[in-house]
$ cat target-v2.txt   # compact mmCIF, N, CA and C atoms
# COMPACT_ATOMS: atom_id res chain seq x y z
N MET A 169 5.83 -8.79 -0.09
CA MET A 169 4.78 -9.20 -1.00
C MET A 169 4.10 -7.95 -1.57
N PRO A 170 3.64 -8.02 -2.81
CA PRO A 170 2.92 -6.87 -3.37
C PRO A 170 1.55 -6.70 -2.70
N LEU A 171 1.08 -5.50 -2.66
CA LEU A 171 -0.20 -5.20 -2.02
C LEU A 171 -1.36 -5.96 -2.66
N THR A 172 -1.23 -6.32 -3.93
CA THR A 172 -2.31 -7.03 -4.63
C THR A 172 -2.59 -8.41 -4.05
N VAL A 173 -1.61 -9.03 -3.41
CA VAL A 173 -1.80 -10.38 -2.84
C VAL A 173 -1.76 -10.38 -1.31
N ALA A 174 -1.75 -9.20 -0.71
CA ALA A 174 -1.70 -9.10 0.75
C ALA A 174 -3.01 -9.58 1.37
N PRO A 175 -2.93 -10.20 2.53
CA PRO A 175 -4.15 -10.65 3.20
C PRO A 175 -4.99 -9.48 3.71
N THR A 176 -6.27 -9.70 3.81
CA THR A 176 -7.16 -8.65 4.30
C THR A 176 -7.25 -8.71 5.82
N GLY A 177 -7.53 -7.57 6.41
CA GLY A 177 -7.84 -7.50 7.84
C GLY A 177 -6.66 -7.45 8.78
N ILE A 178 -5.42 -7.44 8.29
CA ILE A 178 -4.29 -7.32 9.20
C ILE A 178 -3.51 -6.04 8.88
N THR A 179 -2.78 -5.55 9.87
CA THR A 179 -1.99 -4.34 9.67
C THR A 179 -0.71 -4.69 8.92
N LEU A 180 -0.44 -3.91 7.88
CA LEU A 180 0.72 -4.13 7.04
C LEU A 180 1.61 -2.90 7.06
N LYS A 181 2.91 -3.09 6.86
CA LYS A 181 3.86 -1.99 6.79
C LYS A 181 4.43 -1.92 5.38
N VAL A 182 4.49 -0.72 4.81
CA VAL A 182 5.06 -0.53 3.49
C VAL A 182 6.58 -0.62 3.58
N ILE A 183 7.17 -1.52 2.79
CA ILE A 183 8.62 -1.70 2.83
C ILE A 183 9.31 -1.24 1.54
N ARG A 184 8.52 -1.05 0.47
CA ARG A 184 9.12 -0.60 -0.80
C ARG A 184 8.05 -0.02 -1.71
N LEU A 185 8.38 1.07 -2.36
CA LEU A 185 7.55 1.64 -3.41
C LEU A 185 8.35 1.58 -4.71
N ALA A 186 7.93 0.73 -5.63
CA ALA A 186 8.66 0.53 -6.89
C ALA A 186 8.14 1.49 -7.96
N VAL A 187 8.01 2.75 -7.59
CA VAL A 187 7.57 3.81 -8.49
C VAL A 187 8.47 5.01 -8.26
N GLU A 188 8.46 5.93 -9.22
CA GLU A 188 9.29 7.12 -9.08
C GLU A 188 8.50 8.36 -9.46
N GLY A 189 9.11 9.50 -9.24
CA GLY A 189 8.56 10.77 -9.69
C GLY A 189 7.21 11.13 -9.12
N LYS A 190 6.33 11.56 -10.01
CA LYS A 190 5.02 12.05 -9.60
C LYS A 190 4.18 10.98 -8.93
N THR A 191 4.32 9.73 -9.38
CA THR A 191 3.54 8.65 -8.78
C THR A 191 3.94 8.44 -7.32
N LYS A 192 5.23 8.46 -7.06
CA LYS A 192 5.72 8.29 -5.68
C LYS A 192 5.26 9.46 -4.81
N THR A 193 5.35 10.66 -5.34
CA THR A 193 4.90 11.84 -4.61
C THR A 193 3.41 11.75 -4.31
N TYR A 194 2.64 11.29 -5.28
CA TYR A 194 1.19 11.15 -5.10
C TYR A 194 0.87 10.15 -3.99
N LEU A 195 1.53 8.98 -4.02
CA LEU A 195 1.29 7.97 -2.98
C LEU A 195 1.67 8.51 -1.61
N GLU A 196 2.77 9.21 -1.54
CA GLU A 196 3.20 9.77 -0.25
C GLU A 196 2.21 10.81 0.24
N SER A 197 1.60 11.56 -0.66
CA SER A 197 0.60 12.55 -0.24
C SER A 197 -0.66 11.89 0.29
N LEU A 198 -0.90 10.64 -0.13
CA LEU A 198 -2.04 9.87 0.38
C LEU A 198 -1.72 9.18 1.71
N GLY A 199 -0.46 9.22 2.12
CA GLY A 199 -0.05 8.57 3.36
C GLY A 199 0.61 7.22 3.14
N ILE A 200 0.83 6.85 1.87
CA ILE A 200 1.47 5.57 1.56
C ILE A 200 2.94 5.87 1.27
N ALA A 201 3.77 5.70 2.29
CA ALA A 201 5.21 5.96 2.19
C ALA A 201 5.94 4.83 2.90
N LEU A 202 7.26 4.82 2.79
CA LEU A 202 8.04 3.80 3.48
C LEU A 202 7.72 3.82 4.97
N ASN A 203 7.55 2.63 5.52
CA ASN A 203 7.26 2.40 6.94
C ASN A 203 5.88 2.84 7.38
N SER A 204 5.02 3.30 6.46
CA SER A 204 3.65 3.64 6.85
C SER A 204 2.85 2.35 7.00
N GLN A 205 1.76 2.43 7.74
CA GLN A 205 0.92 1.26 8.00
C GLN A 205 -0.41 1.40 7.29
N LEU A 206 -0.94 0.26 6.84
CA LEU A 206 -2.24 0.23 6.19
C LEU A 206 -2.88 -1.13 6.42
N THR A 207 -4.18 -1.20 6.13
CA THR A 207 -4.93 -2.45 6.24
C THR A 207 -5.74 -2.63 4.97
N VAL A 208 -5.62 -3.80 4.35
CA VAL A 208 -6.39 -4.11 3.15
C VAL A 208 -7.79 -4.52 3.58
N VAL A 209 -8.81 -3.87 2.99
CA VAL A 209 -10.21 -4.18 3.28
C VAL A 209 -10.74 -5.19 2.27
N SER A 210 -10.44 -4.96 0.99
CA SER A 210 -10.84 -5.91 -0.05
C SER A 210 -9.89 -5.79 -1.23
N SER A 211 -9.81 -6.87 -2.01
CA SER A 211 -8.94 -6.84 -3.18
C SER A 211 -9.62 -7.53 -4.35
N GLY A 212 -9.14 -7.25 -5.52
CA GLY A 212 -9.68 -7.76 -6.76
C GLY A 212 -8.98 -7.01 -7.88
N SER A 213 -9.74 -6.47 -8.82
CA SER A 213 -9.11 -5.67 -9.88
C SER A 213 -8.58 -4.36 -9.32
N SER A 214 -9.12 -3.94 -8.19
CA SER A 214 -8.58 -2.80 -7.44
C SER A 214 -8.50 -3.23 -5.97
N VAL A 215 -7.74 -2.47 -5.21
CA VAL A 215 -7.55 -2.79 -3.79
C VAL A 215 -8.10 -1.65 -2.96
N VAL A 216 -8.93 -1.98 -1.98
CA VAL A 216 -9.43 -0.99 -1.04
C VAL A 216 -8.66 -1.18 0.26
N CYS A 217 -8.04 -0.11 0.73
CA CYS A 217 -7.27 -0.20 1.96
C CYS A 217 -7.55 1.02 2.83
N VAL A 218 -7.22 0.88 4.09
CA VAL A 218 -7.38 1.97 5.05
C VAL A 218 -5.98 2.47 5.42
N VAL A 219 -5.75 3.76 5.18
CA VAL A 219 -4.48 4.40 5.50
C VAL A 219 -4.79 5.60 6.38
N LYS A 220 -4.27 5.61 7.60
CA LYS A 220 -4.48 6.71 8.54
C LYS A 220 -5.95 7.02 8.72
N GLY A 221 -6.78 5.97 8.79
CA GLY A 221 -8.21 6.12 9.04
C GLY A 221 -9.04 6.48 7.83
N VAL A 222 -8.44 6.53 6.64
CA VAL A 222 -9.15 6.89 5.42
C VAL A 222 -9.14 5.71 4.46
N LYS A 223 -10.31 5.39 3.89
CA LYS A 223 -10.38 4.32 2.90
C LYS A 223 -9.97 4.84 1.54
N LEU A 224 -9.09 4.08 0.89
CA LEU A 224 -8.61 4.43 -0.44
C LEU A 224 -8.82 3.25 -1.39
N ALA A 225 -9.23 3.52 -2.61
CA ALA A 225 -9.31 2.50 -3.64
C ALA A 225 -8.18 2.77 -4.62
N LEU A 226 -7.33 1.77 -4.80
CA LEU A 226 -6.17 1.91 -5.67
C LEU A 226 -6.22 0.88 -6.79
N ASP A 227 -5.76 1.26 -7.96
CA ASP A 227 -5.70 0.38 -9.12
C ASP A 227 -4.78 -0.81 -8.84
N GLY A 228 -5.17 -1.98 -9.32
CA GLY A 228 -4.37 -3.18 -9.11
C GLY A 228 -2.98 -3.09 -9.68
N GLN A 229 -2.83 -2.44 -10.83
CA GLN A 229 -1.51 -2.28 -11.44
C GLN A 229 -0.59 -1.46 -10.55
N LEU A 230 -1.12 -0.41 -9.96
CA LEU A 230 -0.34 0.41 -9.04
C LEU A 230 -0.01 -0.38 -7.77
N CYS A 231 -0.97 -1.13 -7.28
CA CYS A 231 -0.76 -1.90 -6.04
C CYS A 231 0.30 -2.99 -6.21
N SER A 232 0.51 -3.45 -7.43
CA SER A 232 1.54 -4.46 -7.66
C SER A 232 2.94 -3.88 -7.47
N LYS A 233 3.04 -2.55 -7.37
CA LYS A 233 4.32 -1.89 -7.17
C LYS A 233 4.51 -1.38 -5.75
N ILE A 234 3.56 -1.70 -4.88
CA ILE A 234 3.65 -1.33 -3.46
C ILE A 234 3.89 -2.62 -2.69
N PHE A 235 5.03 -2.71 -2.03
CA PHE A 235 5.39 -3.94 -1.33
C PHE A 235 5.24 -3.75 0.17
N VAL A 236 4.62 -4.76 0.81
CA VAL A 236 4.30 -4.68 2.23
C VAL A 236 4.72 -5.95 2.96
N THR A 237 4.76 -5.85 4.26
CA THR A 237 5.02 -7.00 5.12
C THR A 237 4.09 -6.86 6.33
N PRO A 238 3.67 -7.98 6.92
CA PRO A 238 2.83 -7.87 8.12
C PRO A 238 3.57 -7.19 9.26
N CYS A 239 2.86 -6.36 10.00
CA CYS A 239 3.45 -5.71 11.17
C CYS A 239 3.52 -6.71 12.31
N ARG A 240 4.57 -6.62 13.06
CA ARG A 240 4.69 -7.48 14.25
C ARG A 240 4.07 -6.75 15.43
N THR A 241 3.31 -7.49 16.22
CA THR A 241 2.66 -6.88 17.38
C THR A 241 3.31 -7.27 18.67
$ encode --input "target-v2.txt" --output "structure tokens"
Amino acid sequence: MPLTVAPTGITLKVIRLAVEGKTKTYLESLGIALNSQLTVVSSGSSVVCVVKGVKLALDGQLCSKIFVTPCRT
């Protein structure tokens, strides 16, 4: 599922980044890479998520290209 529709408050794993080039490099520098974990705090026109203990606000258009799945515990 895209990050824009992901539920809040649960740990998610990144399974696909549908971006290339500089955008992919930028996301990876923020800690958003394949198999990385994050938690959505709030969503709307932008998505606020926690990645490696840091809160990030990302544009909704960009988040529609980040695909996640719930982590199994």
$ residues_near_point --input "target-v2.txt" --point "(-1.9, 8.1, 5.8)" --cutoff "6 Å" --atoms "only C-alpha atoms" --output "list in words"
Leu198, Gly199, Ile200, Val219 and Lys220 of chain A
$ atom_distance --input "target-v2.txt" --atom1 "atom CA of A:Arg184" --atom2 "atom CA of A:Gly228"
16.1 Å
$ closest_residue --input "target-v2.txt" --among "A:Ala201, A:Leu226, A:Val215, A:Met169" --to "A:Pro238" --atoms "only C-alpha atoms"
A:Met169
$ closest_residue --input "target-v2.txt" --among "A:Leu202, A:Ile178, A:Val187, A:Val218" --to "A:Cys239" --atoms "only N, CA and C atoms"
A:Ile178
$ select_by_dssp --input "target-v2.txt" --residues "chain A" --states "alpha helix (DSSP H)" --output "JSON, numbers by chain"
{"A": [189, 190, 191, 192, 193, 194, 195, 196, 197, 228, 229, 230, 231]}
$ atom_distance --input "target-v2.txt" --atom1 "atom C of A:Pro175" --atom2 "atom N of A:Asn203"
17.5 Å
$ atom_distance --input "target-v2.txt" --atom1 "atom N of A:Ala225" --atom2 "atom N of A:Arg240"
23.2 Å
$ closest_residue --input "target-v2.txt" --among "A:Leu230, A:Val236, A:Val173, A:Ile183" --to "A:Ser211" --atoms "all atoms listed in the file"
A:Val173
$ closest_residue --input "target-v2.txt" --among "A:Leu195, A:Ala186, A:Leu180, A:Val209" --to "A:Ser232" --atoms "all atoms listed in the file"
A:Ala186
